[in-house]
Amino acid sequence: MRQYSPDLTPPWKKPKPAPEVPAEPGLVVEEPGTGFCGAVIRCEAGTVTLEDRFGKHRVFPLEPRGFLLEGKVVTLVRPSSAPVRPTRTASGSVAVPGARARVARAGRIYVEGRHDAELVEKVWGDDLRIEGVVVEYLEGVDDLPAVVTDFAPGPDARLGVLVDHLVPGTKESRIAESVTSEYALVVGHPFIDIWEAVKPSAVGIRSWPTVPRGQDWKTGVCRALGWPENTGAAWQHILSRVHSYKDLEPALLGRVEELIDFVTS
């Protein structure tokens, strides 16, 4: 007959049960055994697939106390098949379930680059589709006068423009003043680049590095943070950490909301 020894481990030495967390897509966790940190992209029976900031995938078993979430031990579990419908959009607006996109307005919002456009889409995309506002991007602020002339803003076709690093006395501010009119509004944020409008805490860093003058800012940031000097991959990592308006600096939030109000008024 098999004998079983009693568990003599004192209660205070037994590990406490870890909280169960649904492995929802986008959740960023770390597998402590390998140090692999990434966002959940897929959860199947018994396994979860993570993707790190460089696009590398790893599959791990769903084991008790198997992951770290913000430094704390958790047990990942498969999410329910019927997720709760969000009541708010990423921008904080009241969600409208089943709402269809409005036919595009004649008015437009222009931003300075592709990264700016992707960030605006991720946070305000639902709102913009309901309002029928299209966002396009410039190749640079130097092109703005020609873009405004070609667009020909008017009462039924308002134009809003978001410019990076719009501070008094700069070339950007002079160009903005030259094209601003009753039906064309140019606003800007104080950040050198749209990357900097993402809160450092969202990215997992203490602060955005200071890059010496004369050096490409994005490349300098990658070097200072020890990231590979691939600015495209770095941006995708940054963008993946933005889930709502709470991950952005107020100085950007106010300007984008101002442009949406202007174009839709």
# chains A, B, ... in the order shown; residues from 1 in each chain; ligands from 1

call {"tool": "residues_around", "arguments": {"residues": "His189 (chain A)", "least_positions_apart": "4", "cutoff": "9 Å", "atoms": "only C-alpha atoms", "output": "list in words"}}
result
Leu162, Val163, Asp164, His165, Leu166, Val167, Ile194, Ala197, Ala251, Leu252 and Arg255 of chain A

call {"tool": "closest_residue", "arguments": {"among": "A:Pro32, A:Glu172, A:Gly214, A:Gly113", "to": "Pro190 (chain A)", "atoms": "only C-alpha atoms"}}
result
A:Glu172

call {"tool": "residues_around", "arguments": {"residues": "region 217-220 of chain A", "least_positions_apart": "6", "cutoff": "10 Å", "atoms": "only C-alpha atoms", "output": "ChimeraX atom specification"}}
result
/A:192-193,195-196,209-211,226-232,234-235

call {"tool": "select_by_dssp", "arguments": {"residues": "region 84-188 of chain A", "states": "strand (DSSP E or B)", "output": "VMD selection string"}}
result
chain A and resid 88 94 108 to 111 134 to 137 154 157 159 to 163 181 184 to 188

call {"tool": "write_last_selection", "arguments": {"atoms": "C-alpha atoms", "output": "compact mmCIF listing (two decimals), in the first residue's frame"}}
result
# COMPACT_ATOMS: atom_id res chain seq x y z
CA ARG A 88 -15.62 53.87 -24.20
CA VAL A 94 -18.80 57.05 -25.29
CA ARG A 108 -9.68 67.08 -43.53
CA ILE A 109 -7.08 66.84 -40.80
CA TYR A 110 -3.45 66.79 -41.86
CA VAL A 111 -0.62 65.64 -39.61
CA VAL A 134 -10.24 61.68 -42.91
CA VAL A 135 -6.67 62.09 -41.64
CA GLU A 136 -3.82 62.48 -44.12
CA TYR A 137 -0.16 63.22 -43.60
CA GLY A 154 -14.00 77.07 -47.06
CA ALA A 157 -14.41 72.19 -46.22
CA LEU A 159 -8.84 72.16 -42.81
CA GLY A 160 -7.09 71.29 -39.55
CA VAL A 161 -3.35 70.73 -39.30
CA LEU A 162 -1.26 69.23 -36.49
CA VAL A 163 2.41 70.24 -36.49
CA SER A 181 -7.39 81.57 -41.72
CA ALA A 184 -7.82 76.66 -41.76
CA LEU A 185 -6.56 75.99 -38.25
CA VAL A 186 -2.95 75.01 -37.52
CA VAL A 187 -2.14 73.81 -34.01
CA GLY A 188 0.89 72.04 -32.63

call {"tool": "closest_residue", "arguments": {"among": "A:Val179, A:Val123, A:Val73, A:Cys43", "to": "Pro17 (chain A)", "atoms": "only C-alpha atoms"}}
result
A:Val73

call {"tool": "closest_residue", "arguments": {"among": "A:Asp116, A:Asp143, A:Asp247, A:Asp261", "to": "Leu128 (chain A)", "atoms": "only C-alpha atoms"}}
result
A:Asp261

call {"tool": "select_by_dssp", "arguments": {"residues": "region 136-176 of chain A", "states": "helix (DSSP H, G or I)", "output": "PyMOL selection string"}}
result
chain A and resi 141-151+171-176

call {"tool": "closest_residue", "arguments": {"among": "A:Gly66, A:Arg213, A:Val120, A:Val48", "to": "Leu253 (chain A)", "atoms": "only C-alpha atoms"}}
result
A:Val120
